[in-house]
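The structure file data05.pdb is reproduced below (PDB, C-alpha atoms).
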```pdb
ATOM      1  CA  ARG A 288     123.688 111.088  85.725  1.00  0.00           C
ATOM      2  CA  GLU A 289     124.882 108.403  88.043  1.00  0.00           C
ATOM      3  CA  GLY A 290     124.970 109.434  91.666  1.00  0.00           C
ATOM      4  CA  LYS A 291     122.788 112.512  91.207  1.00  0.00           C
ATOM      5  CA  ALA A 292     119.111 113.263  90.836  1.00  0.00           C
ATOM      6  CA  PHE A 293     117.791 114.064  87.373  1.00  0.00           C
ATOM      7  CA  VAL A 294     115.717 117.245  87.150  1.00  0.00           C
ATOM      8  CA  VAL A 295     112.978 117.933  84.608  1.00  0.00           C
ATOM      9  CA  HIS A 296     112.085 121.628  84.556  1.00  0.00           C
ATOM     10  CA  GLY A 297     110.113 124.089  82.510  1.00  0.00           C
ATOM     11  CA  LYS A 298     107.384 126.676  82.702  1.00  0.00           C
ATOM     12  CA  SER A 299     103.802 125.808  83.529  1.00  0.00           C
ATOM     13  CA  GLY A 300     102.131 123.984  80.644  1.00  0.00           C
ATOM     14  CA  ALA A 301     105.425 122.894  79.051  1.00  0.00           C
ATOM     15  CA  GLY A 302     104.638 119.178  79.487  1.00  0.00           C
ATOM     16  CA  LYS A 303     106.653 118.280  82.588  1.00  0.00           C
ATOM     17  CA  THR A 304     103.882 116.154  84.082  1.00  0.00           C
ATOM     18  CA  TYR A 305     103.410 114.370  80.755  1.00  0.00           C
ATOM     19  CA  ILE A 306     107.129 113.591  80.648  1.00  0.00           C
ATOM     20  CA  MET A 307     107.061 112.456  84.291  1.00  0.00           C
ATOM     21  CA  SER A 308     104.028 110.244  83.552  1.00  0.00           C
ATOM     22  CA  GLU A 309     105.849 108.609  80.653  1.00  0.00           C
ATOM     23  CA  LEU A 310     108.998 108.141  82.762  1.00  0.00           C
ATOM     24  CA  THR A 311     106.778 106.636  85.468  1.00  0.00           C
ATOM     25  CA  ARG A 312     105.257 104.175  83.010  1.00  0.00           C
ATOM     26  CA  GLN A 313     108.656 103.112  81.703  1.00  0.00           C
ATOM     27  CA  ALA A 314     110.215 102.894  85.183  1.00  0.00           C
ATOM     28  CA  ALA A 315     107.320 100.783  86.500  1.00  0.00           C
ATOM     29  CA  VAL A 316     107.636  98.340  83.588  1.00  0.00           C
ATOM     30  CA  HIS A 317     111.392  98.118  84.106  1.00  0.00           C
ATOM     31  CA  ALA A 318     110.982  97.612  87.864  1.00  0.00           C
ATOM     32  CA  ARG A 319     108.529  94.745  87.318  1.00  0.00           C
ATOM     33  CA  LYS A 320     110.910  93.057  84.866  1.00  0.00           C
ATOM     34  CA  SER A 321     114.059  93.596  86.924  1.00  0.00           C
ATOM     35  CA  GLY A 322     112.707  93.041  90.436  1.00  0.00           C
ATOM     36  CA  GLY A 323     113.328  96.653  91.329  1.00  0.00           C
ATOM     37  CA  VAL A 324     111.217  99.184  93.195  1.00  0.00           C
ATOM     38  CA  CYS A 325     109.552 102.227  91.666  1.00  0.00           C
ATOM     39  CA  LEU A 326     107.992 104.851  93.953  1.00  0.00           C
ATOM     40  CA  ILE A 327     105.971 107.659  92.418  1.00  0.00           C
ATOM     41  CA  ARG A 328     104.393 110.805  93.799  1.00  0.00           C
ATOM     42  CA  PHE A 329     102.518 113.518  91.927  1.00  0.00           C
ATOM     43  CA  LEU A 330     102.729 116.406  94.383  1.00  0.00           C
ATOM     44  CA  GLY A 331     100.377 119.292  94.999  1.00  0.00           C
ATOM     45  CA  THR A 332      97.242 117.480  93.832  1.00  0.00           C
ATOM     46  CA  THR A 333      95.740 117.488  97.349  1.00  0.00           C
ATOM     47  CA  ALA A 334      96.463 119.362 100.575  1.00  0.00           C
ATOM     48  CA  ALA A 335      98.117 116.230 101.987  1.00  0.00           C
ATOM     49  CA  SER A 336     100.372 115.828  98.932  1.00  0.00           C
ATOM     50  CA  SER A 337     101.710 119.335  99.515  1.00  0.00           C
ATOM     51  CA  LYS A 338     103.232 118.633 102.935  1.00  0.00           C
ATOM     52  CA  ALA A 339     106.841 117.449 103.079  1.00  0.00           C
ATOM     53  CA  VAL A 340     106.381 115.612 106.378  1.00  0.00           C
ATOM     54  CA  LEU A 341     103.513 113.489 105.000  1.00  0.00           C
ATOM     55  CA  LEU A 342     105.420 112.842 101.776  1.00  0.00           C
ATOM     56  CA  VAL A 343     108.577 111.713 103.549  1.00  0.00           C
ATOM     57  CA  GLU A 344     106.656 109.595 106.087  1.00  0.00           C
ATOM     58  CA  SER A 345     104.786 107.783 103.319  1.00  0.00           C
ATOM     59  CA  LEU A 346     107.964 107.231 101.319  1.00  0.00           C
ATOM     60  CA  VAL A 347     109.791 105.784 104.347  1.00  0.00           C
ATOM     61  CA  LEU A 348     106.934 103.369 105.039  1.00  0.00           C
ATOM     62  CA  GLN A 349     106.670 102.336 101.389  1.00  0.00           C
ATOM     63  CA  LEU A 350     110.446 101.856 101.175  1.00  0.00           C
ATOM     64  CA  ALA A 351     110.377  99.752 104.343  1.00  0.00           C
ATOM     65  CA  GLN A 352     107.669  97.541 102.910  1.00  0.00           C
ATOM     66  CA  ALA A 353     109.370  97.260  99.509  1.00  0.00           C
ATOM     67  CA  TYR A 354     112.722  96.337 101.034  1.00  0.00           C
ATOM     68  CA  GLY A 355     111.387  93.782 103.492  1.00  0.00           C
ATOM     69  CA  LYS A 356     111.742  95.821 106.656  1.00  0.00           C
ATOM     70  CA  ASP A 357     109.279  95.108 109.439  1.00  0.00           C
ATOM     71  CA  THR A 358     107.046  98.160 109.079  1.00  0.00           C
ATOM     72  CA  SER A 359     105.771  97.751 112.626  1.00  0.00           C
ATOM     73  CA  SER A 360     109.328  98.204 113.887  1.00  0.00           C
ATOM     74  CA  VAL A 361     110.075 101.217 111.669  1.00  0.00           C
ATOM     75  CA  SER A 362     109.679 104.106 114.056  1.00  0.00           C
ATOM     76  CA  ILE A 363     108.639 107.316 112.313  1.00  0.00           C
ATOM     77  CA  PRO A 364     110.292 110.169 114.233  1.00  0.00           C
ATOM     78  CA  SER A 365     108.122 113.146 115.173  1.00  0.00           C
ATOM     79  CA  ASP A 366     111.079 115.487 114.601  1.00  0.00           C
ATOM     80  CA  PHE A 367     111.352 116.320 110.883  1.00  0.00           C
ATOM     81  CA  ARG A 368     115.175 116.425 110.911  1.00  0.00           C
ATOM     82  CA  GLU A 369     115.235 112.875 112.279  1.00  0.00           C
ATOM     83  CA  LEU A 370     112.636 111.802 109.701  1.00  0.00           C
ATOM     84  CA  GLN A 371     114.744 113.395 106.981  1.00  0.00           C
ATOM     85  CA  ALA A 372     117.814 111.464 108.159  1.00  0.00           C
ATOM     86  CA  LEU A 373     115.831 108.207 108.219  1.00  0.00           C
ATOM     87  CA  PHE A 374     114.575 108.824 104.678  1.00  0.00           C
ATOM     88  CA  ILE A 375     117.985 109.722 103.274  1.00  0.00           C
ATOM     89  CA  GLY A 376     119.519 106.680 104.968  1.00  0.00           C
ATOM     90  CA  ALA A 377     116.784 104.412 103.612  1.00  0.00           C
ATOM     91  CA  VAL A 378     117.211 105.710 100.060  1.00  0.00           C
ATOM     92  CA  LYS A 379     120.979 105.307 100.166  1.00  0.00           C
ATOM     93  CA  THR A 380     121.256 101.980 102.023  1.00  0.00           C
ATOM     94  CA  TRP A 381     118.162  99.792 101.558  1.00  0.00           C
ATOM     95  CA  PRO A 382     118.202  99.440  97.741  1.00  0.00           C
ATOM     96  CA  SER A 383     120.759  97.131  96.169  1.00  0.00           C
ATOM     97  CA  GLU A 384     122.044  96.129  92.770  1.00  0.00           C
ATOM     98  CA  ALA A 385     119.655  93.172  92.919  1.00  0.00           C
ATOM     99  CA  LYS A 386     116.723  95.408  93.919  1.00  0.00           C
ATOM    100  CA  PRO A 387     117.316  98.925  92.558  1.00  0.00           C
ATOM    101  CA  LEU A 388     115.180 101.966  93.359  1.00  0.00           C
ATOM    102  CA  THR A 389     113.626 104.549  91.084  1.00  0.00           C
ATOM    103  CA  LEU A 390     111.953 107.456  92.888  1.00  0.00           C
ATOM    104  CA  ILE A 391     109.868 109.859  90.805  1.00  0.00           C
ATOM    105  CA  LEU A 392     108.579 113.096  92.341  1.00  0.00           C
ATOM    106  CA  ASP A 393     106.554 115.359  90.067  1.00  0.00           C
ATOM    107  CA  SER A 394     106.158 119.042  90.959  1.00  0.00           C
ATOM    108  CA  VAL A 395     108.394 119.411  94.020  1.00  0.00           C
ATOM    109  CA  ASP A 396     107.689 123.142  93.714  1.00  0.00           C
ATOM    110  CA  GLN A 397     104.118 122.360  94.843  1.00  0.00           C
ATOM    111  CA  LEU A 398     105.246 121.442  98.351  1.00  0.00           C
ATOM    112  CA  ASP A 399     104.488 124.028 100.993  1.00  0.00           C
ATOM    113  CA  ASP A 400     107.214 125.626 103.088  1.00  0.00           C
ATOM    114  CA  THR A 401     106.354 123.742 106.271  1.00  0.00           C
ATOM    115  CA  ASN A 402     109.423 121.745 107.377  1.00  0.00           C
ATOM    116  CA  GLY A 403     111.382 123.286 104.526  1.00  0.00           C
ATOM    117  CA  GLY A 404     109.421 121.424 101.868  1.00  0.00           C
ATOM    118  CA  ARG A 405     110.618 123.682  99.055  1.00  0.00           C
ATOM    119  CA  ARG A 406     114.150 123.985 100.418  1.00  0.00           C
ATOM    120  CA  LEU A 407     114.464 120.297  99.476  1.00  0.00           C
ATOM    121  CA  GLU A 408     117.036 119.522 102.167  1.00  0.00           C
ATOM    122  CA  TRP A 409     115.085 116.303 102.785  1.00  0.00           C
ATOM    123  CA  LEU A 410     115.774 115.092  99.227  1.00  0.00           C
ATOM    124  CA  PRO A 411     118.977 113.093  98.684  1.00  0.00           C
ATOM    125  CA  ALA A 412     119.917 114.629  95.323  1.00  0.00           C
ATOM    126  CA  THR A 413     123.609 113.633  95.361  1.00  0.00           C
ATOM    127  CA  GLY A 414     125.799 110.819  96.622  1.00  0.00           C
ATOM    128  CA  LEU A 415     123.360 108.212  95.344  1.00  0.00           C
ATOM    129  CA  PRO A 416     124.435 104.616  94.793  1.00  0.00           C
ATOM    130  CA  ALA A 417     124.528 103.465  91.147  1.00  0.00           C
ATOM    131  CA  PHE A 418     121.317 101.487  91.668  1.00  0.00           C
ATOM    132  CA  VAL A 419     119.262 104.462  92.911  1.00  0.00           C
ATOM    133  CA  ARG A 420     117.633 106.841  90.455  1.00  0.00           C
ATOM    134  CA  ILE A 421     115.771 109.944  91.576  1.00  0.00           C
ATOM    135  CA  ILE A 422     113.845 111.999  89.027  1.00  0.00           C
ATOM    136  CA  VAL A 423     112.106 115.227  90.054  1.00  0.00           C
ATOM    137  CA  SER A 424     110.290 117.988  88.224  1.00  0.00           C
ATOM    138  CA  SER A 425     109.943 121.648  89.092  1.00  0.00           C
ATOM    139  CA  LEU A 426     108.777 124.953  87.730  1.00  0.00           C
ATOM    140  CA  PRO A 427     111.429 127.635  87.271  1.00  0.00           C
ATOM    141  CA  ASP A 428     112.102 129.829  90.303  1.00  0.00           C
ATOM    142  CA  PHE A 429     109.842 132.792  90.875  1.00  0.00           C
ATOM    143  CA  GLU A 430     109.349 135.537  93.413  1.00  0.00           C
ATOM    144  CA  GLU A 431     106.025 136.160  95.078  1.00  0.00           C
ATOM    145  CA  SER A 432     105.054 139.753  95.817  1.00  0.00           C
ATOM    146  CA  ASN A 433     104.097 138.877  99.406  1.00  0.00           C
ATOM    147  CA  CYS A 434     107.211 136.802 100.054  1.00  0.00           C
ATOM    148  CA  LYS A 435     110.806 137.978  99.789  1.00  0.00           C
ATOM    149  CA  ALA A 436     112.189 134.766  98.356  1.00  0.00           C
ATOM    150  CA  GLY A 437     109.181 133.256  96.590  1.00  0.00           C
ATOM    151  CA  PHE A 438     110.381 129.779  95.900  1.00  0.00           C
ATOM    152  CA  GLN A 439     113.583 128.556  94.421  1.00  0.00           C
ATOM    153  CA  CYS A 440     113.279 124.798  94.047  1.00  0.00           C
ATOM    154  CA  LEU A 441     114.994 124.666  90.683  1.00  0.00           C
ATOM    155  CA  SER A 442     118.019 126.758  91.644  1.00  0.00           C
ATOM    156  CA  ARG A 443     118.374 124.799  94.913  1.00  0.00           C
ATOM    157  CA  LEU A 444     118.361 121.520  92.976  1.00  0.00           C
ATOM    158  CA  GLN A 445     120.814 122.862  90.388  1.00  0.00           C
ATOM    159  CA  ASP A 446     123.153 124.226  93.083  1.00  0.00           C
ATOM    160  CA  THR A 447     123.053 120.961  95.029  1.00  0.00           C
ATOM    161  CA  ILE A 448     123.763 118.823  91.973  1.00  0.00           C
ATOM    162  CA  LYS A 449     126.456 121.199  90.674  1.00  0.00           C
ATOM    163  CA  ASP A 450     128.292 121.385  94.022  1.00  0.00           C
ATOM    164  CA  GLU A 451     128.880 117.635  94.311  1.00  0.00           C
TER
END
```
What is this file in structure tokens?
Amino acid sequence: REGKAFVVHGKSGAGKTYIMSELTRQAAVHARKSGGVCLIRFLGTTAASSKAVLLVESLVLQLAQAYGKDTSSVSIPSDFRELQALFIGAVKTWPSEAKPLTLILDSVDQLDDTNGGRRLEWLPATGLPAFVRIIVSSLPDFEESNCKAGFQCLSRLQDTIKDE
């Protein structure tokens, strides 16, 4: 859908990561041919790849480099809300029709709850320019016995996309 993130979801073992890997391969080939940018993250594979702040910081720096920004002048805020705003602004304003962006994030449900990682408020899932594509994958929601809410990445994504 134009203007909104695309969500791949299913239970564990259903093949989401395989699908995301194939989408990654195709998006990377297309980006090379078209002069676009393709950023990919497979989340939850290491402790560092489970932290929203490290994910967003690395994406901002990679976006800055890809879109010709002086990375030494890109100031990474220490406040996560400011970092979130910088990331959302970068995703929505730095890409162009001549240099489109595809962002692929596998297993957003694997983020920890620090800085609202699983609340996904940091992810610009709607209001995207026509030349920005965001594809994410998630497990279905579930409740943990030791946590009232468990995690609800999928329903948060669906609600966000539906509300626009």
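Atom CA of Lys320 of chain A is found 28.0 Å from atom CA of Val395 of chain A.
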Shortest contact to Arg328 of chain A, candidates A:Ile391, A:Asn402, A:Thr358, A:Ala301, atoms counted only C-alpha atoms, goes to A:Ile391
List every protein, DNA or RNA residue that has an atom no more than 8 Å from (108.8, 121.1, 96.5) in the file's coordinate frame, counting all atoms listed in the file, and report them as a PyMOL selection string.
-> chain A and resi 330+337+339+394-399+404-407+425+440
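Shortest separation to Arg420 of chain A among A:Thr389, A:Gln313, A:Ser336, A:Ser308 occurs at residue A:Thr389, atoms counted being only C-alpha atoms.
Of note, atom CA of Glu344 of chain A and atom CA of Thr447 of chain A are spaced 22.8 Å apart.
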For Ala351 of chain A, list every protein, DNA or RNA residue within 12 Å, evaluated using all atoms listed in the file, and leave out those in the same chain fewer than 3 positions away; present the list as a ChimeraX atom specification.
-> /A:324,326,344-348,354-363,373-374,376-378,380-382
Take the selection from the previous step and output its residues with C-alpha atoms, as a PDB file, in the frame of the given file.
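Output saved as out_14.pdb:
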```
ATOM      1  CA  VAL A 324     111.217  99.184  93.195  1.00  0.00           C
ATOM      2  CA  LEU A 326     107.992 104.851  93.953  1.00  0.00           C
ATOM      3  CA  GLU A 344     106.656 109.595 106.087  1.00  0.00           C
ATOM      4  CA  SER A 345     104.786 107.783 103.319  1.00  0.00           C
ATOM      5  CA  LEU A 346     107.964 107.231 101.319  1.00  0.00           C
ATOM      6  CA  VAL A 347     109.791 105.784 104.347  1.00  0.00           C
ATOM      7  CA  LEU A 348     106.934 103.369 105.039  1.00  0.00           C
ATOM      8  CA  TYR A 354     112.722  96.337 101.034  1.00  0.00           C
ATOM      9  CA  GLY A 355     111.387  93.782 103.492  1.00  0.00           C
ATOM     10  CA  LYS A 356     111.742  95.821 106.656  1.00  0.00           C
ATOM     11  CA  ASP A 357     109.279  95.108 109.439  1.00  0.00           C
ATOM     12  CA  THR A 358     107.046  98.160 109.079  1.00  0.00           C
ATOM     13  CA  SER A 359     105.771  97.751 112.626  1.00  0.00           C
ATOM     14  CA  SER A 360     109.328  98.204 113.887  1.00  0.00           C
ATOM     15  CA  VAL A 361     110.075 101.217 111.669  1.00  0.00           C
ATOM     16  CA  SER A 362     109.679 104.106 114.056  1.00  0.00           C
ATOM     17  CA  ILE A 363     108.639 107.316 112.313  1.00  0.00           C
ATOM     18  CA  LEU A 373     115.831 108.207 108.219  1.00  0.00           C
ATOM     19  CA  PHE A 374     114.575 108.824 104.678  1.00  0.00           C
ATOM     20  CA  GLY A 376     119.519 106.680 104.968  1.00  0.00           C
ATOM     21  CA  ALA A 377     116.784 104.412 103.612  1.00  0.00           C
ATOM     22  CA  VAL A 378     117.211 105.710 100.060  1.00  0.00           C
ATOM     23  CA  THR A 380     121.256 101.980 102.023  1.00  0.00           C
ATOM     24  CA  TRP A 381     118.162  99.792 101.558  1.00  0.00           C
ATOM     25  CA  PRO A 382     118.202  99.440  97.741  1.00  0.00           C
TER      26      PRO A 382
END
```
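Using only C-alpha atoms for every distance, the candidate list A:Ala315, A:Ile306, A:Ala417, A:Ala334 yields A:Ala417 as the residue closest to Glu384 of chain A.
With only C-alpha atoms as the atoms that count, the residue of A:Phe329, A:Thr413, A:Ile375, A:Asp428 with the shortest distance to Lys303 of chain A is A:Phe329.
Proximity ranking of A:Leu341, A:Ala292, A:Ala372, A:Val419 relative to Ala385 of chain A places A:Val419 first, based on all atoms listed in the file.
In terms of minimum interatomic distance to Glu369 of chain A, A:Trp409 ranks closest within A:Trp409, A:Thr332, A:Gln352, A:Lys338, counting all atoms listed in the file.
The interatomic distance for the pair atom CA of Pro427 of chain A and atom CA of Arg312 of chain A works out to 24.6 Å.
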Where's the centre, and what are the edge lengths in Å to one decimal, of a box along x, y and z enclosing all listed atoms of segment 408-421 of chain A padded 8 Å per side, as JSON?
```
{"center_x": 120.4, "center_y": 110.5, "center_z": 96.6, "size_x": 26.7, "size_y": 34.0, "size_z": 28.3}
```
